[in-house]
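K.L.:
Enclosed is the structure file work_38.cif (mmCIF, C-alpha atoms (C1' of nucleotides)).
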```cif
data_run
loop_
_atom_site.group_PDB
_atom_site.id
_atom_site.type_symbol
_atom_site.label_atom_id
_atom_site.label_comp_id
_atom_site.auth_asym_id
_atom_site.auth_seq_id
_atom_site.Cartn_x
_atom_site.Cartn_y
_atom_site.Cartn_z
ATOM 1 C CA MET A 237 0.000 0.000 0.000
ATOM 2 C CA PRO A 238 1.910 3.007 -1.358
ATOM 3 C CA ALA A 239 1.412 6.294 0.436
ATOM 4 C CA PRO A 240 -1.341 8.533 -0.946
ATOM 5 C CA LYS A 241 -0.082 11.179 -3.281
ATOM 6 C CA GLN A 242 -1.686 14.561 -2.564
ATOM 7 C CA SER A 243 0.827 15.025 0.232
ATOM 8 C CA LYS A 244 0.438 18.612 1.353
ATOM 9 C CA ASP A 245 -1.611 21.371 -0.178
ATOM 10 C CA LEU A 246 -2.500 19.946 -3.545
ATOM 11 C CA MET A 247 -5.997 20.186 -4.921
ATOM 12 C CA LYS A 248 -7.897 18.459 -7.668
ATOM 13 C CA ILE A 249 -9.408 20.098 -10.685
ATOM 14 C CA GLY A 250 -12.823 20.636 -9.148
ATOM 15 C CA ASP A 251 -11.479 22.650 -6.254
ATOM 16 C CA LEU A 252 -9.250 24.673 -8.507
ATOM 17 C CA ALA A 253 -12.188 25.403 -10.779
ATOM 18 C CA ARG A 254 -14.332 26.586 -7.893
ATOM 19 C CA ARG A 255 -11.590 28.703 -6.401
ATOM 20 C CA ALA A 256 -10.692 30.362 -9.676
ATOM 21 C CA GLY A 257 -14.248 30.758 -10.863
ATOM 22 C CA VAL A 258 -13.868 28.847 -14.104
ATOM 23 C CA SER A 259 -15.194 25.477 -15.280
ATOM 24 C CA HIS A 260 -13.083 22.354 -15.190
ATOM 25 C CA ARG A 261 -13.484 22.167 -18.952
ATOM 26 C CA THR A 262 -11.854 25.547 -19.225
ATOM 27 C CA ILE A 263 -8.933 24.260 -17.189
ATOM 28 C CA HIS A 264 -8.542 21.288 -19.492
ATOM 29 C CA TYR A 265 -8.658 23.660 -22.420
ATOM 30 C CA TYR A 266 -6.041 25.974 -20.949
ATOM 31 C CA GLU A 267 -3.808 23.030 -20.259
ATOM 32 C CA ARG A 268 -4.004 21.995 -23.877
ATOM 33 C CA LEU A 269 -2.940 25.506 -24.878
ATOM 34 C CA GLY A 270 -0.019 25.338 -22.478
ATOM 35 C CA LEU A 271 -1.294 28.055 -20.182
ATOM 36 C CA LEU A 272 -1.255 25.923 -17.105
ATOM 37 C CA ARG A 273 -0.162 22.459 -16.033
ATOM 38 C CA PRO A 274 -0.889 20.288 -13.056
ATOM 39 C CA VAL A 275 1.966 19.892 -10.645
ATOM 40 C CA GLU A 276 1.568 16.166 -11.101
ATOM 41 C CA ARG A 277 -0.581 13.380 -12.415
ATOM 42 C CA GLU A 278 -0.200 10.145 -10.581
ATOM 43 C CA GLY A 279 -0.304 7.104 -12.820
ATOM 44 C CA VAL A 280 -2.819 7.597 -15.602
ATOM 45 C CA GLY A 281 -4.855 9.600 -13.209
ATOM 46 C CA TYR A 282 -6.110 12.839 -11.813
ATOM 47 C CA ARG A 283 -4.522 16.256 -12.113
ATOM 48 C CA TYR A 284 -3.213 17.803 -8.930
ATOM 49 C CA PHE A 285 -2.605 21.541 -8.667
ATOM 50 C CA ASN A 286 -0.914 23.770 -6.126
ATOM 51 C CA GLU A 287 -1.780 27.276 -4.973
ATOM 52 C CA GLU A 288 0.101 28.857 -7.828
ATOM 53 C CA ALA A 289 -2.502 27.510 -10.223
ATOM 54 C CA VAL A 290 -5.119 29.752 -8.619
ATOM 55 C CA THR A 291 -3.102 32.944 -9.008
ATOM 56 C CA ARG A 292 -2.143 31.800 -12.460
ATOM 57 C CA LEU A 293 -5.776 31.537 -13.499
ATOM 58 C CA GLU A 294 -6.438 34.924 -11.972
ATOM 59 C CA LYS A 295 -3.568 36.425 -13.937
ATOM 60 C CA ILE A 296 -4.920 34.847 -17.096
ATOM 61 C CA ALA A 297 -8.318 36.397 -16.466
ATOM 62 C CA ALA A 298 -6.708 39.788 -15.887
ATOM 63 C CA LEU A 299 -4.743 39.598 -19.113
ATOM 64 C CA LYS A 300 -7.884 38.565 -20.972
ATOM 65 C CA ARG A 301 -9.676 41.633 -19.686
ATOM 66 C CA LEU A 302 -6.851 43.655 -21.173
ATOM 67 C CA GLY A 303 -7.664 42.181 -24.538
ATOM 68 C CA LEU A 304 -4.900 39.607 -24.958
ATOM 69 C CA SER A 305 -5.766 36.377 -26.726
ATOM 70 C CA LEU A 306 -5.062 33.077 -25.019
ATOM 71 C CA ASP A 307 -2.185 32.521 -27.404
ATOM 72 C CA GLU A 308 -0.627 35.819 -26.510
ATOM 73 C CA ILE A 309 -1.153 35.084 -22.855
ATOM 74 C CA ALA A 310 0.542 31.736 -23.277
ATOM 75 C CA SER A 311 3.589 33.528 -24.596
ATOM 76 C CA VAL A 312 3.958 35.814 -21.584
ATOM 77 C CA ILE A 313 2.336 34.106 -18.619
ATOM 78 C CA ASP A 314 5.501 32.360 -17.531
ATOM 79 C CA LEU A 315 7.193 35.673 -16.950
ATOM 80 C CA TYR A 316 4.977 36.082 -13.954
ATOM 81 C CA PHE A 317 5.924 32.761 -12.444
ATOM 82 C CA GLU A 318 9.367 31.779 -13.606
ATOM 83 C CA ASP A 319 12.448 33.815 -13.191
ATOM 84 C CA ALA A 320 14.012 33.761 -16.603
ATOM 85 C CA THR A 321 17.307 31.959 -16.519
ATOM 86 C CA GLY A 322 20.142 33.016 -18.733
ATOM 87 C CA ILE A 323 20.759 36.493 -19.979
ATOM 88 C CA ARG A 324 19.335 35.736 -23.408
ATOM 89 C CA GLY A 325 16.016 34.694 -21.926
ATOM 90 C CA LYS A 326 16.008 37.799 -19.810
ATOM 91 C CA ARG A 327 16.575 40.062 -22.768
ATOM 92 C CA ARG A 328 13.727 38.391 -24.576
ATOM 93 C CA VAL A 329 11.529 38.860 -21.562
ATOM 94 C CA LEU A 330 12.425 42.492 -21.453
ATOM 95 C CA GLU A 331 11.485 42.922 -25.083
ATOM 96 C CA ILE A 332 8.097 41.372 -24.535
ATOM 97 C CA LEU A 333 7.447 43.436 -21.454
ATOM 98 C CA ARG A 334 8.390 46.655 -23.196
ATOM 99 C CA GLY A 335 6.041 45.755 -26.015
ATOM 100 C CA GLN A 336 3.293 45.205 -23.506
ATOM 101 C CA LEU A 337 4.031 48.510 -21.881
ATOM 102 C CA ALA A 338 3.791 50.356 -25.185
ATOM 103 C CA ARG A 339 0.515 48.685 -26.064
ATOM 104 C CA THR A 340 -0.885 49.453 -22.676
ATOM 105 C CA ASP A 341 0.006 53.106 -23.002
ATOM 106 C CA GLN A 342 -1.631 53.159 -26.385
ATOM 107 C CA GLN A 343 -4.776 51.604 -24.984
ATOM 108 C CA ILE A 344 -4.883 54.094 -22.158
ATOM 109 C CA LEU A 345 -4.606 56.921 -24.642
ATOM 110 C CA GLU A 346 -7.423 55.576 -26.763
ATOM 111 C CA LEU A 347 -9.618 55.084 -23.768
ATOM 112 C CA LYS A 348 -9.018 58.611 -22.606
ATOM 113 C CA GLY A 349 -9.966 59.934 -25.996
ATOM 114 C CA PHE A 350 -13.076 57.834 -25.955
ATOM 115 C CA ARG A 351 -13.895 59.008 -22.479
ATOM 116 C CA ALA A 352 -13.756 62.618 -23.597
ATOM 117 C CA GLU A 353 -16.100 61.853 -26.454
ATOM 118 C CA VAL A 354 -18.585 60.153 -24.189
ATOM 119 C CA GLU A 355 -18.517 63.136 -21.870
ATOM 120 C CA GLU A 356 -19.181 65.471 -24.749
ATOM 121 C CA ASN A 357 -22.150 63.397 -25.746
ATOM 122 C CA ILE A 358 -23.477 63.441 -22.235
ATOM 123 C CA ALA A 359 -23.205 67.203 -22.131
ATOM 124 C CA ARG A 360 -24.956 67.489 -25.446
ATOM 125 C CA VAL A 361 -27.864 65.295 -24.413
ATOM 126 C CA GLU A 362 -28.164 67.034 -21.064
ATOM 127 C CA ASP A 363 -28.383 70.267 -22.915
ATOM 128 C CA LEU A 364 -31.131 68.949 -25.152
ATOM 129 C CA ILE A 365 -33.096 67.818 -22.145
ATOM 130 C CA ARG A 366 -32.655 71.148 -20.453
ATOM 131 C CA LYS A 367 -33.926 72.969 -23.521
ATOM 132 C CA ALA A 368 -36.873 70.659 -23.984
ATOM 133 C CA ARG A 369 -37.849 71.121 -20.357
ATOM 134 C CA GLY A 370 -37.100 74.758 -19.832
ATOM 135 C CA MET B 20 -36.485 56.560 -69.230
ATOM 136 C CA PRO B 21 -36.574 57.372 -65.517
ATOM 137 C CA ALA B 22 -33.765 59.490 -64.146
ATOM 138 C CA PRO B 23 -30.764 57.611 -62.732
ATOM 139 C CA LYS B 24 -30.886 57.178 -59.006
ATOM 140 C CA GLN B 25 -27.519 57.922 -57.381
ATOM 141 C CA SER B 26 -28.316 61.589 -57.661
ATOM 142 C CA LYS B 27 -25.661 63.395 -55.666
ATOM 143 C CA ASP B 28 -23.028 61.964 -53.408
ATOM 144 C CA LEU B 29 -24.145 58.404 -53.011
ATOM 145 C CA MET B 30 -21.721 55.532 -53.316
ATOM 146 C CA LYS B 31 -22.040 51.821 -53.827
ATOM 147 C CA ILE B 32 -20.847 49.132 -51.486
ATOM 148 C CA GLY B 33 -17.445 48.713 -53.094
ATOM 149 C CA ASP B 34 -16.495 52.338 -52.647
ATOM 150 C CA LEU B 35 -17.734 52.370 -49.106
ATOM 151 C CA ALA B 36 -15.749 49.235 -48.351
ATOM 152 C CA ARG B 37 -12.565 50.735 -49.755
ATOM 153 C CA ARG B 38 -13.033 54.034 -47.981
ATOM 154 C CA ALA B 39 -13.779 52.460 -44.632
ATOM 155 C CA GLY B 40 -11.190 49.736 -44.945
ATOM 156 C CA VAL B 41 -13.533 46.810 -44.514
ATOM 157 C CA SER B 42 -14.812 44.127 -46.894
ATOM 158 C CA HIS B 43 -18.184 44.283 -48.575
ATOM 159 C CA ARG B 44 -19.147 41.096 -46.768
ATOM 160 C CA THR B 45 -18.496 42.863 -43.517
ATOM 161 C CA ILE B 46 -20.853 45.599 -44.600
ATOM 162 C CA HIS B 47 -23.523 43.055 -45.466
ATOM 163 C CA TYR B 48 -23.003 41.446 -42.100
ATOM 164 C CA TYR B 49 -23.244 44.723 -40.234
ATOM 165 C CA GLU B 50 -26.411 45.543 -42.096
ATOM 166 C CA ARG B 51 -27.949 42.268 -40.981
ATOM 167 C CA LEU B 52 -27.077 43.139 -37.396
ATOM 168 C CA GLY B 53 -28.681 46.537 -37.778
ATOM 169 C CA LEU B 54 -25.475 48.499 -37.412
ATOM 170 C CA LEU B 55 -25.783 50.275 -40.696
ATOM 171 C CA ARG B 56 -28.227 50.588 -43.527
ATOM 172 C CA PRO B 57 -28.006 51.880 -47.065
ATOM 173 C CA VAL B 58 -29.714 55.173 -47.667
ATOM 174 C CA GLU B 59 -31.638 53.445 -50.405
ATOM 175 C CA ARG B 60 -31.919 50.366 -52.580
ATOM 176 C CA GLU B 61 -33.473 51.008 -55.908
ATOM 177 C CA GLY B 62 -35.769 48.260 -57.124
ATOM 178 C CA VAL B 63 -34.368 44.892 -56.133
ATOM 179 C CA GLY B 64 -30.975 46.298 -56.523
ATOM 180 C CA TYR B 65 -27.796 47.765 -55.238
ATOM 181 C CA ARG B 66 -27.197 49.429 -51.921
ATOM 182 C CA TYR B 67 -26.387 53.125 -51.994
ATOM 183 C CA PHE B 68 -24.688 54.814 -49.075
ATOM 184 C CA ASN B 69 -23.962 58.390 -48.149
ATOM 185 C CA GLU B 70 -20.979 59.924 -46.380
ATOM 186 C CA GLU B 71 -22.370 59.177 -42.977
ATOM 187 C CA ALA B 72 -21.832 55.494 -43.617
ATOM 188 C CA VAL B 73 -18.077 56.059 -43.691
ATOM 189 C CA THR B 74 -17.936 57.799 -40.335
ATOM 190 C CA ARG B 75 -20.345 55.242 -39.005
ATOM 191 C CA LEU B 76 -18.015 52.408 -39.948
ATOM 192 C CA GLU B 77 -15.123 54.285 -38.422
ATOM 193 C CA LYS B 78 -17.042 54.726 -35.201
ATOM 194 C CA ILE B 79 -17.867 51.038 -35.188
ATOM 195 C CA ALA B 80 -14.190 50.187 -35.553
ATOM 196 C CA ALA B 81 -13.306 52.523 -32.700
ATOM 197 C CA LEU B 82 -15.889 50.963 -30.420
ATOM 198 C CA LYS B 83 -14.637 47.504 -31.347
ATOM 199 C CA ARG B 84 -11.128 48.472 -30.329
ATOM 200 C CA LEU B 85 -12.581 49.406 -26.972
ATOM 201 C CA GLY B 86 -13.795 45.856 -26.626
ATOM 202 C CA LEU B 87 -17.500 46.239 -27.359
ATOM 203 C CA SER B 88 -19.237 43.418 -29.185
ATOM 204 C CA LEU B 89 -21.155 44.177 -32.359
ATOM 205 C CA ASP B 90 -24.381 43.673 -30.454
ATOM 206 C CA GLU B 91 -23.389 46.215 -27.854
ATOM 207 C CA ILE B 92 -22.319 48.588 -30.571
ATOM 208 C CA ALA B 93 -25.666 48.162 -32.267
ATOM 209 C CA SER B 94 -27.355 49.313 -29.101
ATOM 210 C CA VAL B 95 -25.426 52.578 -28.864
ATOM 211 C CA ILE B 96 -24.291 53.510 -32.351
ATOM 212 C CA ASP B 97 -27.391 55.505 -33.147
ATOM 213 C CA LEU B 98 -26.620 57.895 -30.331
ATOM 214 C CA TYR B 99 -23.807 59.218 -32.420
ATOM 215 C CA PHE B 100 -25.925 59.897 -35.454
ATOM 216 C CA GLU B 101 -29.475 60.560 -34.398
ATOM 217 C CA ASP B 102 -30.474 63.251 -32.058
ATOM 218 C CA ALA B 103 -32.761 61.488 -29.695
ATOM 219 C CA THR B 104 -36.270 62.790 -30.059
ATOM 220 C CA GLY B 105 -38.539 63.001 -27.102
ATOM 221 C CA ILE B 106 -37.417 63.406 -23.541
ATOM 222 C CA ARG B 107 -37.840 59.722 -22.764
ATOM 223 C CA GLY B 108 -35.422 58.743 -25.500
ATOM 224 C CA LYS B 109 -32.974 61.298 -24.284
ATOM 225 C CA ARG B 110 -33.068 60.040 -20.746
ATOM 226 C CA ARG B 111 -32.434 56.537 -21.985
ATOM 227 C CA VAL B 112 -29.541 57.798 -24.036
ATOM 228 C CA LEU B 113 -28.120 59.500 -21.012
ATOM 229 C CA GLU B 114 -28.322 56.295 -19.034
ATOM 230 C CA ILE B 115 -26.444 54.355 -21.652
ATOM 231 C CA LEU B 116 -23.798 57.019 -21.990
ATOM 232 C CA ARG B 117 -23.269 57.170 -18.249
ATOM 233 C CA GLY B 118 -22.884 53.405 -18.198
ATOM 234 C CA GLN B 119 -20.300 53.667 -20.913
ATOM 235 C CA LEU B 120 -18.478 56.350 -19.005
ATOM 236 C CA ALA B 121 -18.329 54.221 -15.887
ATOM 237 C CA ARG B 122 -17.062 51.211 -17.785
ATOM 238 C CA THR B 123 -14.473 53.308 -19.488
ATOM 239 C CA ASP B 124 -13.217 54.677 -16.202
ATOM 240 C CA GLN B 125 -13.021 51.156 -14.859
ATOM 241 C CA GLN B 126 -11.039 50.029 -17.872
ATOM 242 C CA ILE B 127 -8.653 52.932 -17.516
ATOM 243 C CA LEU B 128 -8.118 52.049 -13.875
ATOM 244 C CA GLU B 129 -7.388 48.439 -14.687
ATOM 245 C CA LEU B 130 -5.012 49.400 -17.416
ATOM 246 C CA LYS B 131 -3.141 51.719 -15.103
ATOM 247 C CA GLY B 132 -2.796 48.961 -12.545
ATOM 248 C CA PHE B 133 -1.579 46.630 -15.208
ATOM 249 C CA ARG B 134 0.850 49.210 -16.462
ATOM 250 C CA ALA B 135 2.382 49.552 -13.021
ATOM 251 C CA GLU B 136 2.789 45.798 -12.797
ATOM 252 C CA VAL B 137 4.494 45.633 -16.144
ATOM 253 C CA GLU B 138 6.873 48.369 -15.087
ATOM 254 C CA GLU B 139 7.720 46.502 -11.915
ATOM 255 C CA ASN B 140 8.493 43.423 -13.934
ATOM 256 C CA ILE B 141 10.697 45.398 -16.245
ATOM 257 C CA ALA B 142 12.611 46.786 -13.304
ATOM 258 C CA ARG B 143 12.976 43.316 -11.844
ATOM 259 C CA VAL B 144 14.323 41.811 -15.043
ATOM 260 C CA GLU B 145 16.651 44.736 -15.620
ATOM 261 C CA ASP B 146 17.987 44.181 -12.180
ATOM 262 C CA LEU B 147 18.578 40.509 -12.881
ATOM 263 C CA ILE B 148 20.459 41.381 -16.035
ATOM 264 C CA ARG B 149 22.560 43.936 -14.228
ATOM 265 C CA LYS B 150 23.491 41.415 -11.566
ATOM 266 C CA ALA B 151 24.279 38.685 -14.057
ATOM 267 C CA ARG B 152 26.507 41.065 -15.987
ATOM 268 C CA GLY B 153 28.124 42.965 -13.158
ATOM 269 C "C1'" DA C 283 -18.300 -3.276 -0.316
ATOM 270 C "C1'" DT C 284 -21.126 -0.683 -2.846
ATOM 271 C "C1'" DA C 285 -23.283 3.570 -4.420
ATOM 272 C "C1'" DA C 286 -22.428 8.321 -5.428
ATOM 273 C "C1'" DA C 287 -19.353 11.871 -6.794
ATOM 274 C "C1'" DA C 288 -15.376 13.295 -9.199
ATOM 275 C "C1'" DT C 289 -12.395 12.769 -12.836
ATOM 276 C "C1'" DC C 290 -10.588 10.987 -17.236
ATOM 277 C "C1'" DT C 291 -10.438 11.117 -22.742
ATOM 278 C "C1'" DA C 292 -12.400 12.160 -27.034
ATOM 279 C "C1'" DC C 293 -15.436 14.074 -30.030
ATOM 280 C "C1'" DA C 294 -19.101 17.216 -31.319
ATOM 281 C "C1'" DC C 295 -21.462 21.534 -30.834
ATOM 282 C "C1'" DT C 296 -21.872 26.715 -30.120
ATOM 283 C "C1'" DT C 297 -21.127 31.747 -30.845
ATOM 284 C "C1'" DG C 298 -19.122 35.880 -32.856
ATOM 285 C "C1'" DA C 299 -17.196 37.871 -36.625
ATOM 286 C "C1'" DC C 300 -16.286 37.399 -40.494
ATOM 287 C "C1'" DG C 301 -14.347 34.882 -45.410
ATOM 288 C "C1'" DT C 302 -15.152 31.862 -49.515
ATOM 289 C "C1'" DC C 303 -17.587 30.089 -53.156
ATOM 290 C "C1'" DA C 304 -21.353 29.439 -56.514
ATOM 291 C "C1'" DG C 305 -24.735 30.982 -59.540
ATOM 292 C "C1'" DG C 306 -27.270 34.783 -61.118
ATOM 293 C "C1'" DT C 307 -28.324 39.963 -62.217
ATOM 294 C "C1'" DT C 308 -26.904 44.707 -63.144
ATOM 295 C "C1'" DT C 309 -23.693 48.349 -64.548
ATOM 296 C "C1'" DT C 310 -19.926 50.021 -66.796
ATOM 297 C "C1'" DT C 311 -16.669 50.095 -70.400
ATOM 298 C "C1'" DC C 312 -14.885 49.307 -74.938
ATOM 299 C "C1'" DG D 67 -23.986 45.182 -77.940
ATOM 300 C "C1'" DA D 68 -20.777 42.233 -75.787
ATOM 301 C "C1'" DA D 69 -17.322 41.497 -72.332
ATOM 302 C "C1'" DA D 70 -15.712 42.811 -67.871
ATOM 303 C "C1'" DA D 71 -16.543 44.526 -63.432
ATOM 304 C "C1'" DA D 72 -19.477 45.153 -59.631
ATOM 305 C "C1'" DC D 73 -23.176 43.572 -57.154
ATOM 306 C "C1'" DC D 74 -26.778 40.315 -55.276
ATOM 307 C "C1'" DT D 75 -28.225 36.128 -52.152
ATOM 308 C "C1'" DG D 76 -27.442 31.942 -49.803
ATOM 309 C "C1'" DA D 77 -24.924 28.235 -48.120
ATOM 310 C "C1'" DC D 78 -20.946 26.660 -46.237
ATOM 311 C "C1'" DG D 79 -16.078 27.216 -43.957
ATOM 312 C "C1'" DT D 80 -13.003 29.052 -40.293
ATOM 313 C "C1'" DC D 81 -10.910 30.573 -36.007
ATOM 314 C "C1'" DA D 82 -11.031 31.532 -31.091
ATOM 315 C "C1'" DA D 83 -12.707 30.347 -26.857
ATOM 316 C "C1'" DG D 84 -14.959 27.689 -24.886
ATOM 317 C "C1'" DT D 85 -19.307 24.156 -23.487
ATOM 318 C "C1'" DG D 86 -21.749 19.571 -23.724
ATOM 319 C "C1'" DT D 87 -21.968 14.808 -23.716
ATOM 320 C "C1'" DA D 88 -20.744 9.835 -23.546
ATOM 321 C "C1'" DG D 89 -18.608 6.069 -21.660
ATOM 322 C "C1'" DA D 90 -15.026 4.528 -18.715
ATOM 323 C "C1'" DT D 91 -12.288 4.806 -14.443
ATOM 324 C "C1'" DT D 92 -11.159 6.421 -9.809
ATOM 325 C "C1'" DT D 93 -12.102 8.264 -5.320
ATOM 326 C "C1'" DT D 94 -14.950 9.167 -1.432
ATOM 327 C "C1'" DA D 95 -18.709 8.382 1.592
ATOM 328 C "C1'" DT D 96 -21.890 5.332 3.874
#
```
Spit out the file's structure as structure tokens when you get a sec.
P.N.:
Amino acid sequence: MPAPKQSKDLMKIGDLARRAGVSHRTIHYYERLGLLRPVEREGVGYRYFNEEAVTRLEKIAALKRLGLSLDEIASVIDLYFEDATGIRGKRRVLEILRGQLARTDQQILELKGFRAEVEENIARVEDLIRKARG
Amino acid sequence: MPAPKQSKDLMKIGDLARRAGVSHRTIHYYERLGLLRPVEREGVGYRYFNEEAVTRLEKIAALKRLGLSLDEIASVIDLYFEDATGIRGKRRVLEILRGQLARTDQQILELKGFRAEVEENIARVEDLIRKARG
DNA sequence: ATAAAATCTACACTTGACGTCAGGTTTTTC
DNA sequence: GAAAAACCTGACGTCAAGTGTAGATTTTAT
């Protein structure tokens, strides 16, 4: 009788799904895309995840809200969890991060422009209402 | 011999597509979703558009970049081109615009948070490189 | 020890936002 | 007036990001 596997703080897919607020099917899907992998799979069996998987899924959700595709996320997600080893890897990481920074700044700019437009429209409609009423 | 129809500054779908930088199929699709309609269709025939269609398509593209779905766009696009008539319509318009404003502010906030994180990561990696080199 | 719950793989289906293709009509150009 | 170009509709294809379902196995609870 070999010792049971989920030694310390490992959880199965159902718990991870609940904690991260996604379906277990989504987790399977993300695994296939290389976004996430179980810390181990005993035999031909169940996936076991650690705490990192939860924050990883949260990070994925955050990046999605910023408009990155799952493929793009796959290409950067490890930066948040692995220290790049080797100077070459680090330079590559830096490149990617700088690209992300530039895109983010661009997005912020666009949003600010849009915000101004929306405010203008609000003012215009408020004015119309005031005139119709007064 | 009835007078030809495209009297003044009307254009056909091909010209509109070129000017707005989308395909004609996209225009058909948008029409089906109620995002856009030709100013007229003579007989069983061609669609004719006016200048407004160009700016309308540009506005649609801008809203898409902000992450709105075509359905959501359909529900607000008219605000940019029709002056709401009747106080009830205007109040509704105001509601929608205020919702958009709030969402935009939220997005800007998130982006700023994200930006800060990216900068931290850049600093971290730069530090690693410096240490590895020095 | 057995039933219920959780998980596994694999394949099919869905939705949004188009693109492609086929077959037919209309306009434009030579 | 005939060929070429533009346009029409409708059906099907595609890609991303999942969701659903079936049938089998494993784990957990009683």
K.L.:
Run the PyMOL selection byres ((chain B) within 10 of (chain D)) against the file shown and list the residues it catches, as a list of chain:residue names.
P.N.:
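This file, filtered by the PyMOL selection byres ((chain B) within 10 of (chain D)), leaves B:Lys31, B:Ile32, B:Gly33, B:His43, B:Val63, B:Gly64, B:Tyr65, B:Arg66.
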K.L.:
Written as a PDB file with C-alpha atoms, in the frame of the given file, which residues does the PyMOL selection byres ((chain A and resi 332) around 12) give for the file shown?
P.N.:
```pdb
ATOM      1  CA  GLU A 308      -0.627  35.819 -26.510  1.00  0.00           C
ATOM      2  CA  ILE A 309      -1.153  35.084 -22.855  1.00  0.00           C
ATOM      3  CA  SER A 311       3.589  33.528 -24.596  1.00  0.00           C
ATOM      4  CA  VAL A 312       3.958  35.814 -21.584  1.00  0.00           C
ATOM      5  CA  ILE A 313       2.336  34.106 -18.619  1.00  0.00           C
ATOM      6  CA  ASP A 314       5.501  32.360 -17.531  1.00  0.00           C
ATOM      7  CA  LEU A 315       7.193  35.673 -16.950  1.00  0.00           C
ATOM      8  CA  GLY A 325      16.016  34.694 -21.926  1.00  0.00           C
ATOM      9  CA  LYS A 326      16.008  37.799 -19.810  1.00  0.00           C
ATOM     10  CA  ARG A 327      16.575  40.062 -22.768  1.00  0.00           C
ATOM     11  CA  ARG A 328      13.727  38.391 -24.576  1.00  0.00           C
ATOM     12  CA  VAL A 329      11.529  38.860 -21.562  1.00  0.00           C
ATOM     13  CA  LEU A 330      12.425  42.492 -21.453  1.00  0.00           C
ATOM     14  CA  GLU A 331      11.485  42.922 -25.083  1.00  0.00           C
ATOM     15  CA  LEU A 333       7.447  43.436 -21.454  1.00  0.00           C
ATOM     16  CA  ARG A 334       8.390  46.655 -23.196  1.00  0.00           C
ATOM     17  CA  GLY A 335       6.041  45.755 -26.015  1.00  0.00           C
ATOM     18  CA  GLN A 336       3.293  45.205 -23.506  1.00  0.00           C
ATOM     19  CA  LEU A 337       4.031  48.510 -21.881  1.00  0.00           C
ATOM     20  CA  ALA A 338       3.791  50.356 -25.185  1.00  0.00           C
ATOM     21  CA  ARG A 339       0.515  48.685 -26.064  1.00  0.00           C
TER      22      ARG A 339
ATOM     23  CA  VAL B 137       4.494  45.633 -16.144  1.00  0.00           C
ATOM     24  CA  GLU B 138       6.873  48.369 -15.087  1.00  0.00           C
ATOM     25  CA  ASN B 140       8.493  43.423 -13.934  1.00  0.00           C
ATOM     26  CA  ILE B 141      10.697  45.398 -16.245  1.00  0.00           C
ATOM     27  CA  VAL B 144      14.323  41.811 -15.043  1.00  0.00           C
TER      28      VAL B 144
END
```
K.L.:
Specify as a list in words all residues of chain C found within 9 Å of chain A, counting only C-alpha atoms (C1' of nucleotides).
P.N.:
DA288, DT289 and DC290 of chain C
K.L.:
Quick one: of A:Ile296, A:Leu306, A:Ile365, A:Val275, who's nearest to chain B, counting all atoms listed in the file?
P.N.:
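Among the listed residues, the smallest separation from chain B belongs to A:Ile365.
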K.L.:
Please define a box with edges along x, y and z of the file around all atoms of range 293-311 of chain C given in the file, extend it by 3 Å on each side, and return its centre and edge lengths in Å to one decimal, as lines of an AutoDock Vina configuration file.
P.N.:
```
center_x = -21.3
center_y = 32.1
center_z = -50.2
size_x = 20.0
size_y = 42.0
size_z = 46.4
```
K.L.:
For CA of Arg277 in chain A and C1' of DT291 in chain C, determine how far apart the two atoms are, in Å to one decimal place.
P.N.:
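Going from CA of Arg277 in chain A over to C1' of DT291 in chain C covers 14.5 Å.
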K.L.:
Which of these residues is nearest to chain B, using all atoms listed in the file: A:Arg268, A:Arg369, A:Arg255, A:Arg261?
P.N.:
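Between A:Arg268, A:Arg369, A:Arg255, A:Arg261, the residue approaching chain B most closely is A:Arg369.
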K.L.:
Suppose you want the space between C1' of DT310 in chain C and CA of Leu76 in chain B; what is it in Å?
P.N.:
27.0 Å
